[in-house]
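Since the structure comes first, as structure tokens, the remarks are kept for the end.
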Amino acid sequence: MKEDETIEHEGKLFEKIQWQEKEVSGRKFIDCTFRNCQLNGLIFSDCHFTDCKFEDCDLSLIKVKGSFFSHLQITRCKAIGIHWFDTGKPFSIGFTDSNISYSSFFGKPLKKTKFKNCVAKEVDFSECILTEADFSGTDLEGTRFSNTDLSLANFKEARNYFIDVQFNKVKKAKFSLPEALRLLDSFDIIIE
């Protein structure tokens with residue numbers, strides 16, 4: 001499936017394709033929808049995605065080095081173990097009702113990114129810019145926030161997060177009770 005020339009796909013629907021453990025190289029996808037596809041372990045090499053959607057797909061362990069994602073929407077997908085930090089710029093993505101556990105966004109600018117109602121266990125958001133990001137309804141168990149800008153981020157109804165407010169920017173971020181009490185965990189205090 002490796003291609004040497006650039007192939008462009010515009011406005012296409014890719015449905016129920018099985019591209020596990022293959023390589024797709026040098027392709028441009030514009031306004032395309034991937035639905036009910038098995039893409040786990042796929043290598044996207046030097047691909048460009050613009051205004052595309054992945055719905056009900058398995059994207060686990062895909063490789064994205066050198067690929068570009070602009071206005072990508074991932075909905076009801078399994079997208080586990082992806083190194084999103086390997087992507088180029090531009091990079092804008094949104095997740096809804098998806099499992100993105102064990103992935104890394106290390107150092108990515110993710111301003112206004114949506115992670116709504118997701119499972120995001122053990123995800124690395126270290127050194128990311130997540131201003132105005134939306135984590136509402138997301139399970140963040142074991143997720144790492146280190147030197148991360150979370151200003152104006154929405155954590156309403158999010159759960160299982162640990163955010164050390166001494167090493168992250170949380171100015172005007174929104175939290176809901178009782179989970180907001182977890183922000184005190186980094187102070188090593190006893191509340192009775």
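Identifiers in the structure tokens: chain A, B, ... in order shown; residue index from 1 per chain; ligand index from 1 in order shown.
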
Near Asn160 in chain A, counting only C-alpha atoms, which residues have an atom at most 12 Å away, once you skip same-chain residues fewer than 3 positions from it, shown as an MDAnalysis selection string?
chainID A and resid 119:122 135 137:144 155:157 163 178:183 185

Would you pick out the contacts of range 36-47 of chain A at 8 Å or less, using only C-alpha atoms, so that residues sharing its chain but fewer than 5 positions from it are not included, and give the list as a ChimeraX atom specification?
/A:14-29,55-68

Let's have the selection written as a compact mmCIF listing (two decimals), in the first residue's frame, with N, CA and C atoms.
# COMPACT_ATOMS: atom_id res chain seq x y z
N PHE A 14 -14.65 6.40 3.26
CA PHE A 14 -13.93 5.13 3.39
C PHE A 14 -14.67 4.34 4.45
N GLU A 15 -15.35 3.28 4.05
CA GLU A 15 -16.18 2.56 5.00
C GLU A 15 -15.76 1.10 5.07
N LYS A 16 -15.62 0.62 6.32
CA LYS A 16 -15.29 -0.78 6.61
C LYS A 16 -14.01 -1.25 5.92
N ILE A 17 -13.03 -0.35 5.78
CA ILE A 17 -11.77 -0.78 5.19
C ILE A 17 -10.91 -1.45 6.26
N GLN A 18 -10.07 -2.35 5.84
CA GLN A 18 -9.19 -3.12 6.72
C GLN A 18 -7.74 -2.86 6.30
N TRP A 19 -7.11 -1.89 6.94
CA TRP A 19 -5.73 -1.54 6.58
C TRP A 19 -4.78 -1.77 7.76
N GLN A 20 -5.02 -2.81 8.55
CA GLN A 20 -4.15 -3.04 9.71
C GLN A 20 -2.72 -3.34 9.26
N GLU A 21 -1.78 -2.76 10.02
CA GLU A 21 -0.35 -3.05 9.84
C GLU A 21 0.16 -2.75 8.43
N LYS A 22 -0.46 -1.82 7.71
CA LYS A 22 0.01 -1.45 6.38
C LYS A 22 0.60 -0.06 6.42
N GLU A 23 1.10 0.41 5.28
CA GLU A 23 1.62 1.77 5.21
C GLU A 23 0.91 2.53 4.10
N VAL A 24 0.46 3.74 4.45
CA VAL A 24 -0.13 4.65 3.48
C VAL A 24 0.78 5.87 3.46
N SER A 25 1.31 6.18 2.28
CA SER A 25 2.33 7.22 2.19
C SER A 25 1.98 8.24 1.11
N GLY A 26 2.28 9.52 1.41
CA GLY A 26 2.15 10.57 0.42
C GLY A 26 0.75 10.80 -0.09
N ARG A 27 -0.24 10.72 0.78
CA ARG A 27 -1.63 10.94 0.36
C ARG A 27 -2.20 12.19 1.02
N LYS A 28 -3.11 12.81 0.30
CA LYS A 28 -3.85 13.95 0.86
C LYS A 28 -5.32 13.55 0.95
N PHE A 29 -5.89 13.77 2.13
CA PHE A 29 -7.29 13.48 2.37
C PHE A 29 -7.96 14.80 2.74
N GLU A 55 -14.96 7.95 12.35
CA GLU A 55 -16.12 7.58 13.17
C GLU A 55 -16.15 6.08 13.36
N ASP A 56 -16.24 5.64 14.62
CA ASP A 56 -16.35 4.21 14.95
C ASP A 56 -15.22 3.38 14.35
N CYS A 57 -14.00 3.90 14.40
CA CYS A 57 -12.82 3.22 13.84
C CYS A 57 -11.88 2.74 14.94
N ASP A 58 -11.03 1.78 14.60
CA ASP A 58 -9.93 1.39 15.48
C ASP A 58 -8.65 1.96 14.89
N LEU A 59 -8.11 2.97 15.57
CA LEU A 59 -6.89 3.65 15.15
C LEU A 59 -5.71 3.31 16.06
N SER A 60 -5.88 2.32 16.91
CA SER A 60 -4.86 2.03 17.92
C SER A 60 -3.51 1.76 17.30
N LEU A 61 -2.50 2.35 17.92
CA LEU A 61 -1.10 2.18 17.57
C LEU A 61 -0.75 2.63 16.15
N ILE A 62 -1.56 3.53 15.57
CA ILE A 62 -1.15 4.05 14.26
C ILE A 62 0.10 4.90 14.44
N LYS A 63 0.88 5.00 13.40
CA LYS A 63 2.07 5.85 13.38
C LYS A 63 1.75 7.05 12.49
N VAL A 64 2.13 8.23 12.94
CA VAL A 64 1.74 9.45 12.23
C VAL A 64 2.93 10.36 11.90
N LYS A 65 4.13 9.82 11.96
CA LYS A 65 5.31 10.66 11.79
C LYS A 65 5.31 11.36 10.43
N GLY A 66 5.49 12.69 10.50
CA GLY A 66 5.58 13.47 9.29
C GLY A 66 4.24 13.75 8.62
N SER A 67 3.15 13.35 9.25
CA SER A 67 1.83 13.61 8.69
C SER A 67 1.23 14.86 9.33
N PHE A 68 0.27 15.45 8.65
CA PHE A 68 -0.34 16.70 9.08
C PHE A 68 -1.84 16.50 9.25

Considering only C-alpha atoms, return as a ChimeraX atom specification whatever protein or nucleic-acid residues lie within 10 Å of range 10-13 of chain A, sequence-local ones (same chain, fewer than 6 positions apart) excluded.
/A:28-35,50-53

Would you compute the distance between CA of Glu132 in chain A and CA of Lys78 in chain A? Give it in Å to one decimal.
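These atoms are spaced 24.2 Å apart.
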
Give me the residues near range 113-118 of chain A as a PyMOL selection string, where near means some atom within 12 Å (using only C-alpha atoms) and where sequence neighbours in that chain fewer than 3 positions away do not count.
chain A and resi 70-80+91-101+105+108-110+121+123+128-141+150+152-159

Grab the residues selected above and save them as a compact mmCIF listing (two decimals), in the first residue's frame with N, CA and C atoms.
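In the end it all went to part_21.txt:
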# COMPACT_ATOMS: atom_id res chain seq x y z
N SER A 70 -5.29 18.73 10.11
CA SER A 70 -5.92 20.03 10.29
C SER A 70 -7.43 19.84 10.36
N HIS A 71 -8.02 20.23 11.49
CA HIS A 71 -9.46 20.09 11.73
C HIS A 71 -9.94 18.64 11.61
N LEU A 72 -9.21 17.74 12.27
CA LEU A 72 -9.57 16.32 12.29
C LEU A 72 -10.52 16.06 13.45
N GLN A 73 -11.60 15.32 13.20
CA GLN A 73 -12.57 14.96 14.24
C GLN A 73 -12.58 13.45 14.40
N ILE A 74 -12.37 13.01 15.65
CA ILE A 74 -12.36 11.57 15.96
C ILE A 74 -13.51 11.32 16.92
N THR A 75 -14.48 10.49 16.49
CA THR A 75 -15.70 10.24 17.25
C THR A 75 -15.94 8.75 17.42
N ARG A 76 -16.18 8.33 18.66
CA ARG A 76 -16.48 6.95 19.01
C ARG A 76 -15.40 5.99 18.48
N CYS A 77 -14.16 6.39 18.58
CA CYS A 77 -13.06 5.58 18.07
C CYS A 77 -12.20 5.04 19.21
N LYS A 78 -11.47 4.00 18.89
CA LYS A 78 -10.43 3.48 19.75
C LYS A 78 -9.12 3.99 19.15
N ALA A 79 -8.47 4.91 19.86
CA ALA A 79 -7.26 5.56 19.36
C ALA A 79 -6.18 5.47 20.44
N ILE A 80 -5.84 4.26 20.80
CA ILE A 80 -4.94 3.99 21.93
C ILE A 80 -3.49 3.92 21.47
N PHE A 91 -1.65 21.33 13.27
CA PHE A 91 -2.20 20.21 14.02
C PHE A 91 -3.40 20.70 14.80
N SER A 92 -4.58 20.31 14.36
CA SER A 92 -5.79 20.60 15.12
C SER A 92 -6.70 19.38 15.02
N ILE A 93 -7.15 18.95 16.19
CA ILE A 93 -7.85 17.68 16.30
C ILE A 93 -8.88 17.78 17.42
N GLY A 94 -9.90 16.96 17.37
CA GLY A 94 -10.89 16.92 18.42
C GLY A 94 -11.37 15.49 18.63
N PHE A 95 -11.65 15.15 19.88
CA PHE A 95 -12.08 13.79 20.23
C PHE A 95 -13.41 13.84 20.96
N THR A 96 -14.32 12.96 20.60
CA THR A 96 -15.60 12.83 21.30
C THR A 96 -15.91 11.36 21.49
N ASP A 97 -16.27 10.98 22.71
CA ASP A 97 -16.69 9.60 23.02
C ASP A 97 -15.68 8.57 22.54
N SER A 98 -14.39 8.86 22.67
CA SER A 98 -13.35 7.97 22.18
C SER A 98 -12.41 7.54 23.30
N ASN A 99 -11.69 6.44 23.07
CA ASN A 99 -10.67 5.98 24.00
C ASN A 99 -9.31 6.35 23.42
N ILE A 100 -8.62 7.30 24.09
CA ILE A 100 -7.32 7.77 23.62
C ILE A 100 -6.21 7.42 24.61
N SER A 101 -6.45 6.42 25.43
CA SER A 101 -5.51 6.04 26.49
C SER A 101 -4.12 5.70 25.93
N PHE A 105 0.78 13.53 23.65
CA PHE A 105 0.67 14.79 22.92
C PHE A 105 1.82 15.71 23.34
N LYS A 108 2.64 19.54 22.28
CA LYS A 108 1.79 20.01 21.18
C LYS A 108 0.97 21.24 21.59
N PRO A 109 0.79 22.17 20.68
CA PRO A 109 -0.14 23.28 20.92
C PRO A 109 -1.56 22.76 20.65
N LEU A 110 -2.39 22.72 21.68
CA LEU A 110 -3.73 22.13 21.58
C LEU A 110 -4.80 23.10 22.07
N LYS A 121 -6.79 7.48 29.80
CA LYS A 121 -5.93 6.97 30.87
C LYS A 121 -4.47 6.97 30.44
N VAL A 123 -2.45 9.27 29.57
CA VAL A 123 -2.09 10.12 28.43
C VAL A 123 -1.08 11.16 28.90
N CYS A 128 2.24 20.85 27.05
CA CYS A 128 1.26 21.21 26.03
C CYS A 128 0.63 22.56 26.35
N ILE A 129 0.14 23.21 25.33
CA ILE A 129 -0.67 24.40 25.50
C ILE A 129 -2.11 23.96 25.30
N LEU A 130 -2.85 23.87 26.40
CA LEU A 130 -4.23 23.40 26.39
C LEU A 130 -5.20 24.49 26.85
N THR A 131 -4.87 25.74 26.54
CA THR A 131 -5.77 26.83 26.92
C THR A 131 -7.12 26.63 26.22
N GLU A 132 -8.17 26.82 27.01
CA GLU A 132 -9.55 26.68 26.55
C GLU A 132 -9.89 25.28 26.04
N ALA A 133 -9.09 24.27 26.38
CA ALA A 133 -9.41 22.89 26.00
C ALA A 133 -10.63 22.42 26.78
N ASP A 134 -11.34 21.45 26.23
CA ASP A 134 -12.56 20.93 26.86
C ASP A 134 -12.38 19.45 27.19
N PHE A 135 -12.24 19.17 28.49
CA PHE A 135 -12.10 17.80 28.98
C PHE A 135 -13.39 17.33 29.65
N SER A 136 -14.50 17.98 29.39
CA SER A 136 -15.74 17.67 30.11
C SER A 136 -16.14 16.21 29.92
N GLY A 137 -16.45 15.56 31.05
CA GLY A 137 -16.91 14.18 31.04
C GLY A 137 -15.84 13.14 30.77
N THR A 138 -14.57 13.53 30.78
CA THR A 138 -13.49 12.61 30.42
C THR A 138 -12.83 11.99 31.65
N ASP A 139 -12.51 10.70 31.55
CA ASP A 139 -11.77 9.98 32.60
C ASP A 139 -10.28 10.17 32.33
N LEU A 140 -9.59 10.85 33.25
CA LEU A 140 -8.18 11.20 33.08
C LEU A 140 -7.27 10.45 34.05
N GLU A 141 -7.64 9.24 34.40
CA GLU A 141 -6.86 8.46 35.37
C GLU A 141 -5.42 8.26 34.90
N LEU A 150 -3.13 25.09 31.20
CA LEU A 150 -4.53 24.68 31.24
C LEU A 150 -5.45 25.87 31.51
N LEU A 152 -8.17 28.51 31.40
CA LEU A 152 -9.51 28.54 30.84
C LEU A 152 -10.01 27.17 30.35
N ALA A 153 -9.30 26.09 30.70
CA ALA A 153 -9.74 24.75 30.29
C ALA A 153 -10.99 24.34 31.06
N ASN A 154 -11.78 23.48 30.48
CA ASN A 154 -13.02 23.01 31.09
C ASN A 154 -12.85 21.57 31.57
N PHE A 155 -12.87 21.39 32.89
CA PHE A 155 -12.79 20.07 33.49
C PHE A 155 -14.11 19.69 34.16
N LYS A 156 -15.21 20.33 33.80
CA LYS A 156 -16.50 20.01 34.41
C LYS A 156 -16.86 18.56 34.10
N GLU A 157 -17.26 17.84 35.13
CA GLU A 157 -17.64 16.43 35.04
C GLU A 157 -16.48 15.52 34.63
N ALA A 158 -15.26 16.05 34.49
CA ALA A 158 -14.09 15.20 34.28
C ALA A 158 -13.77 14.50 35.59
N ARG A 159 -13.08 13.38 35.52
CA ARG A 159 -12.81 12.63 36.74
C ARG A 159 -11.42 12.00 36.71

One decimal, in Å: what's the spacing between CA of Phe167 in chain A and CA of Ser151 in chain A?
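According to the coordinates, CA of Phe167 in chain A and CA of Ser151 in chain A are separated by 12.7 Å.
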
Mind giving me the straight-line distance from CA of Asp124 in chain A to CA of Phe106 in chain A in Å, one decimal?
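Between these atoms lies a distance of 6.1 Å.
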